[in-house]
file input-v1.cif (mmCIF, C-alpha atoms)
data_structure
loop_
_atom_site.label_atom_id
_atom_site.label_comp_id
_atom_site.auth_asym_id
_atom_site.auth_seq_id
_atom_site.Cartn_x
_atom_site.Cartn_y
_atom_site.Cartn_z
CA MET A 1 -37.83 -69.25 -43.70
CA ALA A 2 -40.92 -68.81 -41.77
CA ALA A 3 -43.60 -71.40 -42.02
CA ALA A 4 -47.05 -71.67 -40.47
CA ALA A 5 -48.87 -74.04 -38.19
CA ALA A 6 -52.20 -74.03 -36.40
CA ALA A 7 -52.12 -72.75 -32.83
CA VAL A 8 -53.75 -74.59 -29.92
CA GLY A 9 -57.47 -74.18 -30.37
CA GLY A 10 -56.93 -72.16 -33.54
CA GLY A 11 -55.19 -69.15 -31.94
CA VAL A 12 -53.06 -66.97 -34.18
CA GLY A 13 -50.67 -64.08 -33.94
CA GLY A 14 -48.19 -64.53 -31.12
CA GLY A 15 -49.86 -67.39 -29.24
CA VAL A 16 -47.25 -69.54 -27.50
CA ARG A 17 -47.60 -73.00 -26.10
CA SER A 18 -45.38 -75.58 -24.50
CA CYS A 19 -45.61 -79.08 -25.96
CA ARG A 20 -43.64 -80.75 -23.21
CA GLY A 21 -46.52 -81.29 -20.78
CA ARG A 22 -47.33 -84.74 -22.15
CA PRO A 23 -44.61 -86.88 -23.69
CA GLY A 24 -45.62 -87.98 -27.15
CA HIS A 25 -48.75 -85.81 -27.08
CA SER A 26 -49.58 -83.53 -30.03
CA CYS A 27 -51.19 -80.20 -29.18
CA HIS A 28 -52.74 -80.07 -32.64
CA SER A 29 -55.15 -82.82 -31.70
CA CYS A 30 -56.57 -80.98 -28.68
CA PRO A 31 -60.03 -79.38 -28.69
CA PRO A 32 -60.06 -75.63 -27.94
CA SER A 33 -61.20 -76.22 -24.37
CA HIS A 34 -58.29 -78.49 -23.52
CA VAL A 35 -55.39 -76.42 -22.24
CA SER A 36 -54.43 -78.40 -19.14
CA HIS A 37 -51.12 -79.37 -20.72
CA VAL A 38 -50.29 -75.82 -21.83
CA ARG A 39 -48.29 -73.94 -19.27
CA GLY A 40 -49.68 -70.59 -18.13
CA VAL A 41 -52.14 -70.15 -21.01
CA ARG A 42 -55.53 -68.51 -21.04
CA ARG A 43 -57.44 -67.15 -24.03
CA ARG A 44 -58.79 -63.66 -24.61
CA GLN A 45 -59.62 -61.21 -27.40
CA VAL A 46 -57.12 -58.37 -27.78
CA PRO A 47 -57.11 -55.56 -30.36
CA THR A 48 -54.18 -55.96 -32.71
CA SER A 49 -53.18 -52.38 -31.98
CA ARG A 50 -52.39 -53.40 -28.40
CA LEU A 51 -50.42 -56.57 -29.05
CA GLY A 52 -46.85 -56.21 -27.89
CA ALA A 53 -47.41 -52.62 -26.84
CA ALA A 54 -45.39 -52.99 -23.66
CA GLY A 55 -41.72 -53.77 -23.97
CA VAL A 56 -40.42 -56.56 -21.81
CA PRO A 57 -36.99 -56.15 -20.24
CA GLY A 58 -34.65 -58.62 -21.84
CA PHE A 59 -31.08 -59.58 -21.29
CA GLY A 60 -28.63 -56.74 -21.78
CA ARG A 61 -25.40 -56.83 -23.66
CA GLY A 62 -22.97 -59.29 -22.21
CA SER A 63 -25.53 -61.54 -20.52
CA LEU A 64 -25.69 -64.48 -22.94
CA LEU A 65 -23.42 -67.34 -21.86
CA GLY A 66 -21.68 -64.94 -19.46
CA ARG A 67 -19.93 -63.06 -22.26
CA LYS A 68 -18.96 -59.42 -22.07
CA SER A 69 -19.59 -58.83 -25.73
CA SER A 70 -23.06 -58.05 -27.01
CA LEU A 71 -24.62 -61.51 -27.00
CA VAL A 72 -28.16 -62.22 -25.88
CA LYS A 73 -29.40 -65.24 -33.19
CA ALA A 74 -34.85 -70.74 -54.17
CA ALA A 75 -32.30 -68.32 -53.40
CA SER A 76 -31.21 -70.13 -50.30
CA SER A 77 -34.40 -69.22 -48.40
CA GLU A 78 -35.92 -71.57 -45.84
CA SER A 79 -39.58 -70.58 -45.61
CA GLU A 80 -42.49 -72.85 -46.35
CA GLY A 81 -45.91 -71.50 -47.18
CA THR A 82 -47.69 -68.68 -48.90
CA SER A 83 -47.46 -64.96 -48.51
CA PRO A 84 -49.22 -63.61 -45.43
CA SER A 85 -52.72 -62.26 -45.59
CA SER A 86 -53.88 -59.09 -43.88
CA SER A 87 -54.94 -59.44 -40.28
CA SER A 88 -58.45 -58.90 -38.96
CA PRO A 89 -59.24 -56.03 -36.55
CA MET A 90 -59.17 -58.49 -33.66
CA SER A 91 -56.63 -61.27 -33.27
CA GLU A 92 -57.16 -64.24 -30.97
CA ILE A 93 -53.99 -64.85 -28.97
CA GLU A 94 -52.87 -66.91 -26.05
CA ASP A 95 -51.33 -65.21 -23.00
CA PHE A 96 -48.16 -67.07 -22.20
CA THR A 97 -45.92 -67.34 -19.19
CA PRO A 98 -42.64 -68.74 -20.55
CA SER A 99 -41.35 -71.80 -18.77
CA GLU A 100 -38.21 -71.23 -16.78
CA PRO A 101 -35.12 -72.63 -18.53
CA THR A 102 -33.88 -75.74 -16.76
CA ALA A 103 -30.52 -75.90 -15.02
CA GLU A 104 -29.08 -77.38 -18.20
CA LYS A 105 -30.95 -75.13 -20.66
CA LYS A 106 -30.02 -71.70 -19.38
CA HIS A 107 -30.81 -69.70 -22.50
CA ARG A 108 -33.79 -69.28 -24.84
CA VAL A 109 -33.61 -68.81 -28.61
CA VAL A 110 -36.51 -68.13 -30.97
CA ILE A 111 -36.29 -69.40 -34.55
CA LEU A 112 -38.26 -67.54 -37.22
CA GLY A 113 -38.71 -69.95 -40.13
CA SER A 114 -38.46 -73.00 -37.90
CA ALA A 115 -40.48 -75.25 -40.23
CA GLY A 116 -38.10 -74.67 -43.14
CA GLY A 117 -35.11 -76.86 -43.88
CA VAL A 118 -32.40 -74.87 -42.10
CA GLY A 119 -34.69 -73.62 -39.33
CA LYS A 120 -35.88 -77.12 -38.48
CA LEU A 121 -32.32 -78.43 -38.32
CA CYS A 122 -31.31 -75.51 -36.10
CA ALA A 123 -34.11 -76.46 -33.71
CA ASP A 124 -33.00 -80.09 -33.64
CA GLN A 125 -29.32 -79.32 -33.13
CA LEU A 126 -29.92 -76.66 -30.47
CA ASN A 127 -32.25 -78.99 -28.58
CA ALA A 128 -29.67 -81.78 -28.73
CA SER A 129 -27.00 -79.45 -27.29
CA GLY A 130 -28.90 -79.35 -24.00
CA GLU A 131 -28.00 -75.67 -23.53
CA TRP A 132 -30.95 -73.91 -25.16
CA THR A 133 -34.69 -73.75 -24.69
CA VAL A 134 -35.87 -73.69 -28.30
CA ARG A 135 -38.90 -71.62 -29.25
CA ALA A 136 -40.18 -72.38 -32.76
CA ALA A 137 -42.00 -69.53 -34.51
CA ILE A 138 -44.35 -70.71 -37.25
CA ARG A 139 -47.07 -69.13 -39.35
CA PRO A 140 -50.75 -69.65 -38.68
CA ASN A 141 -52.80 -71.96 -40.89
CA SER A 142 -49.91 -74.07 -42.16
CA ASP A 143 -49.95 -77.80 -42.73
CA LYS A 144 -46.24 -78.06 -41.92
CA PRO A 145 -45.39 -80.14 -38.83
CA THR A 146 -44.05 -78.53 -35.68
CA PRO A 147 -40.26 -78.97 -35.47
CA THR A 148 -39.45 -81.95 -33.27
CA GLY A 149 -36.67 -79.99 -31.56
CA ALA A 150 -39.02 -77.29 -30.25
CA ASP A 151 -39.60 -76.88 -26.51
CA GLU A 152 -42.08 -74.06 -27.15
CA VAL A 153 -44.13 -72.98 -30.15
CA VAL A 154 -45.39 -69.51 -31.07
CA THR A 155 -47.54 -68.63 -34.06
CA CYS A 156 -46.71 -65.34 -35.74
CA ASP A 157 -46.36 -63.71 -39.13
CA VAL A 158 -43.24 -61.69 -39.81
CA TYR A 159 -45.22 -59.35 -42.08
CA GLU A 160 -47.65 -58.56 -39.23
CA TYR A 161 -45.52 -56.68 -36.71
CA GLU A 162 -47.98 -56.89 -33.81
CA THR A 163 -47.57 -60.68 -33.70
CA LEU A 164 -43.81 -60.50 -33.14
CA PRO A 165 -43.11 -58.89 -29.73
CA PRO A 166 -44.94 -61.71 -27.89
CA ALA A 167 -43.00 -64.25 -29.96
CA LEU A 168 -39.64 -62.76 -28.91
CA LYS A 169 -40.54 -62.18 -25.27
CA ASP A 170 -37.91 -63.42 -22.78
CA CYS A 171 -35.53 -64.68 -25.49
CA ASP A 172 -31.75 -64.31 -25.39
CA ALA A 173 -31.22 -64.75 -29.11
CA CYS A 174 -33.06 -64.86 -32.43
CA ILE A 175 -32.44 -66.80 -35.64
CA ILE A 176 -34.09 -65.42 -38.78
CA ALA A 177 -34.36 -68.03 -41.53
CA VAL A 178 -37.42 -66.70 -43.34
CA GLY A 179 -38.09 -66.10 -46.98
CA THR A 180 -40.26 -66.77 -50.01
CA THR A 181 -40.92 -70.08 -51.73
CA ASN A 182 -44.27 -69.24 -53.32
CA PHE A 183 -43.50 -66.67 -56.02
CA MET A 184 -47.07 -66.27 -57.28
CA ASP A 185 -47.24 -63.04 -55.27
CA PRO A 186 -44.94 -60.40 -56.81
CA LEU A 187 -44.70 -58.73 -53.40
CA GLY A 188 -43.70 -61.96 -51.64
CA PRO A 189 -39.95 -61.23 -51.47
CA PHE A 190 -40.61 -57.67 -50.29
CA LYS A 191 -43.00 -58.88 -47.57
CA ASN A 192 -40.90 -61.80 -46.34
CA GLU A 193 -37.25 -61.10 -47.07
CA TYR A 194 -37.30 -57.35 -46.42
CA GLN A 195 -40.29 -56.09 -44.44
CA GLY A 196 -40.50 -59.31 -42.42
CA THR A 197 -36.86 -59.10 -41.36
CA LYS A 198 -37.24 -55.39 -40.62
CA ASN A 199 -40.21 -56.18 -38.36
CA VAL A 200 -38.29 -58.89 -36.51
CA ILE A 201 -35.40 -56.50 -35.89
CA ALA A 202 -37.76 -53.88 -34.46
CA ALA A 203 -39.46 -56.47 -32.22
CA ALA A 204 -36.07 -57.74 -31.05
CA LYS A 205 -35.02 -54.25 -30.02
CA GLN A 206 -38.32 -53.72 -28.20
CA GLN A 207 -37.94 -56.98 -26.29
CA GLY A 208 -34.26 -56.57 -25.45
CA VAL A 209 -33.02 -59.36 -27.74
CA THR A 210 -29.60 -58.14 -28.83
CA ASN A 211 -28.18 -61.24 -30.54
CA VAL A 212 -29.50 -61.98 -34.06
CA VAL A 213 -28.35 -64.43 -36.74
CA LEU A 214 -29.80 -63.88 -40.22
CA VAL A 215 -29.70 -66.47 -43.02
CA THR A 216 -29.77 -64.99 -46.54
CA SER A 217 -27.96 -66.20 -49.68
CA MET A 218 -24.84 -65.94 -51.77
CA GLY A 219 -25.38 -63.64 -54.74
CA VAL A 220 -27.16 -60.84 -52.87
CA GLU A 221 -24.54 -58.31 -53.94
CA ASP A 222 -25.02 -59.04 -57.65
CA ILE A 223 -28.09 -57.14 -58.84
CA LEU A 224 -27.87 -58.90 -62.22
CA TYR A 225 -27.82 -62.41 -60.75
CA PRO A 226 -30.57 -64.46 -62.46
CA LEU A 227 -32.41 -65.26 -59.22
CA ASN A 228 -33.42 -61.60 -59.06
CA LEU A 229 -35.83 -62.36 -61.89
CA ALA A 230 -37.98 -63.86 -59.11
CA TRP A 231 -39.35 -60.45 -58.08
CA GLY A 232 -35.94 -59.20 -56.94
CA VAL A 233 -35.61 -61.77 -54.17
CA LEU A 234 -31.86 -61.29 -53.69
CA PHE A 235 -32.21 -57.52 -53.88
CA TRP A 236 -34.67 -57.59 -50.97
CA LYS A 237 -32.42 -59.97 -49.01
CA LYS A 238 -29.56 -57.49 -49.36
CA LEU A 239 -31.70 -54.63 -48.09
CA ALA A 240 -32.71 -56.80 -45.14
CA GLU A 241 -29.04 -57.39 -44.34
CA GLU A 242 -28.43 -53.65 -44.32
CA GLU A 243 -31.33 -53.12 -41.90
CA LEU A 244 -29.67 -55.57 -39.50
CA GLN A 245 -26.24 -53.99 -39.94
CA ARG A 246 -27.66 -50.57 -39.07
CA SER A 247 -29.67 -51.86 -36.10
CA GLY A 248 -26.92 -51.67 -33.48
CA LEU A 249 -27.63 -55.28 -32.51
CA ARG A 250 -24.91 -57.89 -32.23
CA HIS A 251 -25.46 -59.87 -35.42
CA VAL A 252 -24.10 -62.44 -37.85
CA ILE A 253 -25.22 -62.81 -41.47
CA VAL A 254 -24.88 -66.27 -43.02
CA ARG A 255 -25.04 -66.53 -46.82
CA PRO A 256 -25.18 -70.17 -47.96
CA GLY A 257 -24.42 -71.36 -51.46
CA GLY A 258 -26.72 -73.83 -53.20
CA LEU A 259 -28.59 -75.74 -50.51
CA SER A 260 -28.90 -79.51 -50.40
CA ASN A 261 -30.97 -81.77 -48.16
CA ASP A 262 -28.40 -84.50 -48.76
CA GLU A 263 -24.82 -84.71 -47.62
CA VAL A 264 -22.36 -82.73 -49.72
CA SER A 265 -18.78 -83.91 -50.11
CA GLY A 266 -15.99 -81.69 -48.89
CA ALA A 267 -15.25 -79.54 -45.87
CA VAL A 268 -17.11 -76.38 -44.94
CA VAL A 269 -15.39 -73.28 -46.33
CA PHE A 270 -16.11 -69.60 -45.62
CA LYS A 271 -15.72 -67.21 -48.54
CA ARG A 272 -15.44 -63.46 -48.31
CA ARG A 273 -18.56 -61.44 -48.96
CA GLY A 274 -19.35 -60.76 -52.58
CA SER A 275 -17.75 -63.96 -53.86
CA THR A 276 -19.05 -65.27 -57.17
CA PRO A 277 -22.11 -67.40 -56.38
CA GLY A 278 -21.43 -71.09 -56.76
CA GLY A 279 -20.83 -74.25 -54.82
CA ARG A 280 -23.14 -76.28 -52.65
CA VAL A 281 -23.59 -76.85 -48.95
CA SER A 282 -25.84 -79.15 -46.95
CA ARG A 283 -28.60 -77.62 -44.87
CA ALA A 284 -27.26 -79.52 -41.87
CA ASN A 285 -23.92 -77.72 -42.17
CA VAL A 286 -25.62 -74.34 -42.59
CA ALA A 287 -27.46 -75.06 -39.33
CA ARG A 288 -24.09 -75.86 -37.67
CA VAL A 289 -22.72 -72.50 -38.82
CA VAL A 290 -25.80 -70.63 -37.58
CA ILE A 291 -25.59 -72.25 -34.14
CA GLU A 292 -21.87 -71.55 -33.85
CA ALA A 293 -22.58 -67.93 -34.81
CA LEU A 294 -24.86 -67.52 -31.79
CA THR A 295 -22.01 -67.71 -29.27
CA CYS A 296 -18.73 -67.35 -31.17
CA GLU A 297 -16.94 -64.09 -30.37
CA ASN A 298 -15.02 -64.39 -33.63
CA ALA A 299 -18.36 -64.14 -35.49
CA ASP A 300 -19.51 -60.80 -34.06
CA ASN A 301 -21.01 -58.53 -36.73
CA LYS A 302 -19.60 -60.52 -39.64
CA ILE A 303 -20.95 -61.70 -42.99
CA VAL A 304 -19.86 -65.15 -44.12
CA GLU A 305 -20.57 -67.00 -47.36
CA VAL A 306 -20.69 -70.75 -46.84
CA VAL A 307 -20.02 -73.62 -49.23
CA GLN A 308 -18.34 -77.02 -49.11
CA GLU A 309 -15.27 -77.84 -51.19
CA GLU A 310 -13.63 -81.17 -51.87
CA GLY A 311 -10.00 -81.22 -50.85
CA ALA A 312 -10.43 -78.38 -48.37
CA THR A 313 -9.03 -78.86 -44.88
CA GLU A 314 -11.62 -79.39 -42.15
CA LYS A 315 -11.30 -76.58 -39.60
CA PRO A 316 -13.20 -75.62 -36.45
CA LEU A 317 -15.99 -73.18 -37.26
CA SER A 318 -14.60 -70.68 -34.76
CA ASP A 319 -11.34 -70.62 -36.75
CA LEU A 320 -13.27 -70.09 -39.97
CA PHE A 321 -15.08 -67.12 -38.44
CA GLU A 322 -11.77 -65.69 -37.24
CA SER A 323 -10.39 -65.89 -40.78
CA ILE A 324 -13.07 -63.49 -42.08
CA ASP A 325 -12.55 -59.75 -41.62
#
call {"tool": "encode", "arguments": {"input": "input-v1.cif", "output": "structure tokens"}}
result
Amino acid sequence: MAAAAAAVGGGVGGGVRSCRGRPGHSCHSCPPSHVSHVRGVRRRQVPTSRLGAAGVPGFGRGSLLGRKSSLVKAASSESEGTSPSSSSPMSEIEDFTPSEPTAEKKHRVVILGSAGGVGKLCADQLNASGEWTVRAAIRPNSDKPTPTGADEVVTCDVYEYETLPPALKDCDACIIAVGTTNFMDPLGPFKNEYQGTKNVIAAAKQQGVTNVVLVTSMGVEDILYPLNLAWGVLFWKKLAEEELQRSGLRHVIVRPGGLSNDEVSGAVVFKRRGSTPGGRVSRANVARVVIEALTCENADNKIVEVVQEEGATEKPLSDLFESID
């Protein structure tokens, strides 16, 4: 679930920076004038109506990892922070020239909700794989730390569409792990779970990102499930899933059971969609499933419900995806 963080020099709405220029250096401590360690950045004032107006050619179907298929990424939400506020007529952004992926990191993934539990672990695990350049998307004005696994950082708000095309520029894949944790706003689940996801899908299509993994929750198909008392949060998650299914993008929808920061005993098990909500799963294992979903042909356009069960046989995640229709 999407979280927020201050941009370099206070920039918001699609500003991207690279934090790799100085080992051990934190961009948050820099004064606005100090951008020598930020690759290809200059500041300007741009009307919000013009942000992301031009589509950027992305990778077509079949380009990600050399595949021919269409690859290019509480309830169990993973966002941190409050509902977004309306944007001003002018948004300060940072022009960004993405760094070229290294010989080892040949692909770029953007994670929406990268400061949340699952999103942060996805960033760490993808970075450790050595195959992905990880772009962390976080909300402006948050006190949440930047994920340690991020190679790049972009500030954006999923409810403000104009901030999203720059955030997805030049990415091969997108992970959406956004949602509501502050339920003081009755419209929070609508803004984050539904409209936010809908905006990300539209931005992905504009930027040529054709590989999307969406994290939602078990229980979304049960309108009477008690969690819907929280302003219909599961109802809006289900509608978001349907937007992705209708998008024409290669996608995978991951519905975790009850999330735990701690280890959970038992092997990872995939249940068929619509299973009775129940069971627990560690956030670390949900992140493993999400990462596998990015490149596993057996996962194409599937919905999986994920828990851990004692006594279950440990199986490769690719086999688990193959077992689901």
call {"tool": "resolve_selection", "arguments": {"input": "input-v1.cif", "expression": "the PyMOL selection byres ((chain A and resi 319) around 12)", "output": "ChimeraX atom specification"}}
result
/A:268-270,289,292-293,296-299,313-318,320-325
call {"tool": "closest_residue", "arguments": {"input": "input-v1.cif", "among": "A:Val307, A:Ile201, A:Ala150, A:Val109", "to": "A:Ala123", "atoms": "only C-alpha atoms"}}
result
A:Ala150
call {"tool": "atom_distance", "arguments": {"input": "input-v1.cif", "atom1": "atom CA of A:Leu234", "atom2": "atom CA of A:Val220"}}
result
4.8 Å
call {"tool": "atom_distance", "arguments": {"input": "input-v1.cif", "atom1": "atom CA of A:Lys302", "atom2": "atom CA of A:Pro147"}}
result
28.0 Å
call {"tool": "atom_distance", "arguments": {"input": "input-v1.cif", "atom1": "atom CA of A:Gly311", "atom2": "atom CA of A:Val252"}}
result
26.8 Å
call {"tool": "closest_residue", "arguments": {"input": "input-v1.cif", "among": "A:Asn199, A:Ala230, A:Leu214, A:Gly266", "to": "A:Asp185", "atoms": "all atoms listed in the file"}}
result
A:Ala230
call {"tool": "resolve_selection", "arguments": {"input": "input-v1.cif", "expression": "the PyMOL selection byres ((chain A and resi 303) around 8)", "output": "count of residues only"}}
result
10
call {"tool": "resolve_selection", "arguments": {"input": "input-v1.cif", "expression": "the PyMOL selection byres ((chain A and resi 286) around 12)", "output": "mmCIF file with C-alpha atoms, in the frame of the given file"}}
result
data_model
loop_
_atom_site.group_PDB
_atom_site.id
_atom_site.type_symbol
_atom_site.label_atom_id
_atom_site.label_comp_id
_atom_site.auth_asym_id
_atom_site.auth_seq_id
_atom_site.Cartn_x
_atom_site.Cartn_y
_atom_site.Cartn_z
ATOM 1 C CA SER A 76 -31.210 -70.130 -50.300
ATOM 2 C CA SER A 77 -34.400 -69.220 -48.400
ATOM 3 C CA GLU A 78 -35.920 -71.570 -45.840
ATOM 4 C CA GLY A 117 -35.110 -76.860 -43.880
ATOM 5 C CA VAL A 118 -32.400 -74.870 -42.100
ATOM 6 C CA GLY A 119 -34.690 -73.620 -39.330
ATOM 7 C CA LYS A 120 -35.880 -77.120 -38.480
ATOM 8 C CA LEU A 121 -32.320 -78.430 -38.320
ATOM 9 C CA CYS A 122 -31.310 -75.510 -36.100
ATOM 10 C CA GLN A 125 -29.320 -79.320 -33.130
ATOM 11 C CA ALA A 177 -34.360 -68.030 -41.530
ATOM 12 C CA VAL A 213 -28.350 -64.430 -36.740
ATOM 13 C CA LEU A 214 -29.800 -63.880 -40.220
ATOM 14 C CA VAL A 215 -29.700 -66.470 -43.020
ATOM 15 C CA THR A 216 -29.770 -64.990 -46.540
ATOM 16 C CA SER A 217 -27.960 -66.200 -49.680
ATOM 17 C CA ILE A 253 -25.220 -62.810 -41.470
ATOM 18 C CA VAL A 254 -24.880 -66.270 -43.020
ATOM 19 C CA ARG A 255 -25.040 -66.530 -46.820
ATOM 20 C CA PRO A 256 -25.180 -70.170 -47.960
ATOM 21 C CA GLY A 257 -24.420 -71.360 -51.460
ATOM 22 C CA GLY A 258 -26.720 -73.830 -53.200
ATOM 23 C CA LEU A 259 -28.590 -75.740 -50.510
ATOM 24 C CA SER A 260 -28.900 -79.510 -50.400
ATOM 25 C CA ASN A 261 -30.970 -81.770 -48.160
ATOM 26 C CA GLU A 263 -24.820 -84.710 -47.620
ATOM 27 C CA VAL A 264 -22.360 -82.730 -49.720
ATOM 28 C CA VAL A 268 -17.110 -76.380 -44.940
ATOM 29 C CA VAL A 269 -15.390 -73.280 -46.330
ATOM 30 C CA PHE A 270 -16.110 -69.600 -45.620
ATOM 31 C CA ARG A 280 -23.140 -76.280 -52.650
ATOM 32 C CA VAL A 281 -23.590 -76.850 -48.950
ATOM 33 C CA SER A 282 -25.840 -79.150 -46.950
ATOM 34 C CA ARG A 283 -28.600 -77.620 -44.870
ATOM 35 C CA ALA A 284 -27.260 -79.520 -41.870
ATOM 36 C CA ASN A 285 -23.920 -77.720 -42.170
ATOM 37 C CA ALA A 287 -27.460 -75.060 -39.330
ATOM 38 C CA ARG A 288 -24.090 -75.860 -37.670
ATOM 39 C CA VAL A 289 -22.720 -72.500 -38.820
ATOM 40 C CA VAL A 290 -25.800 -70.630 -37.580
ATOM 41 C CA ILE A 291 -25.590 -72.250 -34.140
ATOM 42 C CA GLU A 292 -21.870 -71.550 -33.850
ATOM 43 C CA ALA A 293 -22.580 -67.930 -34.810
ATOM 44 C CA VAL A 304 -19.860 -65.150 -44.120
ATOM 45 C CA GLU A 305 -20.570 -67.000 -47.360
ATOM 46 C CA VAL A 306 -20.690 -70.750 -46.840
ATOM 47 C CA VAL A 307 -20.020 -73.620 -49.230
ATOM 48 C CA GLN A 308 -18.340 -77.020 -49.110
ATOM 49 C CA LEU A 317 -15.990 -73.180 -37.260
#
call {"tool": "closest_residue", "arguments": {"input": "input-v1.cif", "among": "A:Leu227, A:Val110, A:Met218, A:Ala202", "to": "A:Glu243", "atoms": "only C-alpha atoms"}}
result
A:Ala202
call {"tool": "residues_near_point", "arguments": {"input": "input-v1.cif", "point": "(-42.0, -60.3, -45.5)", "cutoff": "8 Å", "atoms": "only C-alpha atoms", "output": "number ranges by chain"}}
result
A: 83-84, 158-159, 179, 188-197
call {"tool": "closest_residue", "arguments": {"input": "input-v1.cif", "among": "A:Glu242, A:Gly279, A:Ile176, A:Tyr161", "to": "A:Leu112", "atoms": "only C-alpha atoms"}}
result
A:Ile176
call {"tool": "residues_around", "arguments": {"input": "input-v1.cif", "residues": "A:Cys171", "least_positions_apart": "2", "cutoff": "7 Å", "atoms": "all atoms listed in the file", "output": "list in words"}}
result
Arg108, Val109, Val110, Leu168, Lys169, Ala173 and Val209 of chain A
call {"tool": "closest_residue", "arguments": {"input": "input-v1.cif", "among": "A:Thr210, A:Leu187, A:Pro145, A:Lys238", "to": "A:Asp222", "atoms": "all atoms listed in the file"}}
result
A:Lys238
call {"tool": "closest_residue", "arguments": {"input": "input-v1.cif", "among": "A:Ala136, A:Lys271, A:His251, A:Lys198", "to": "A:Leu239", "atoms": "all atoms listed in the file"}}
result
A:Lys198
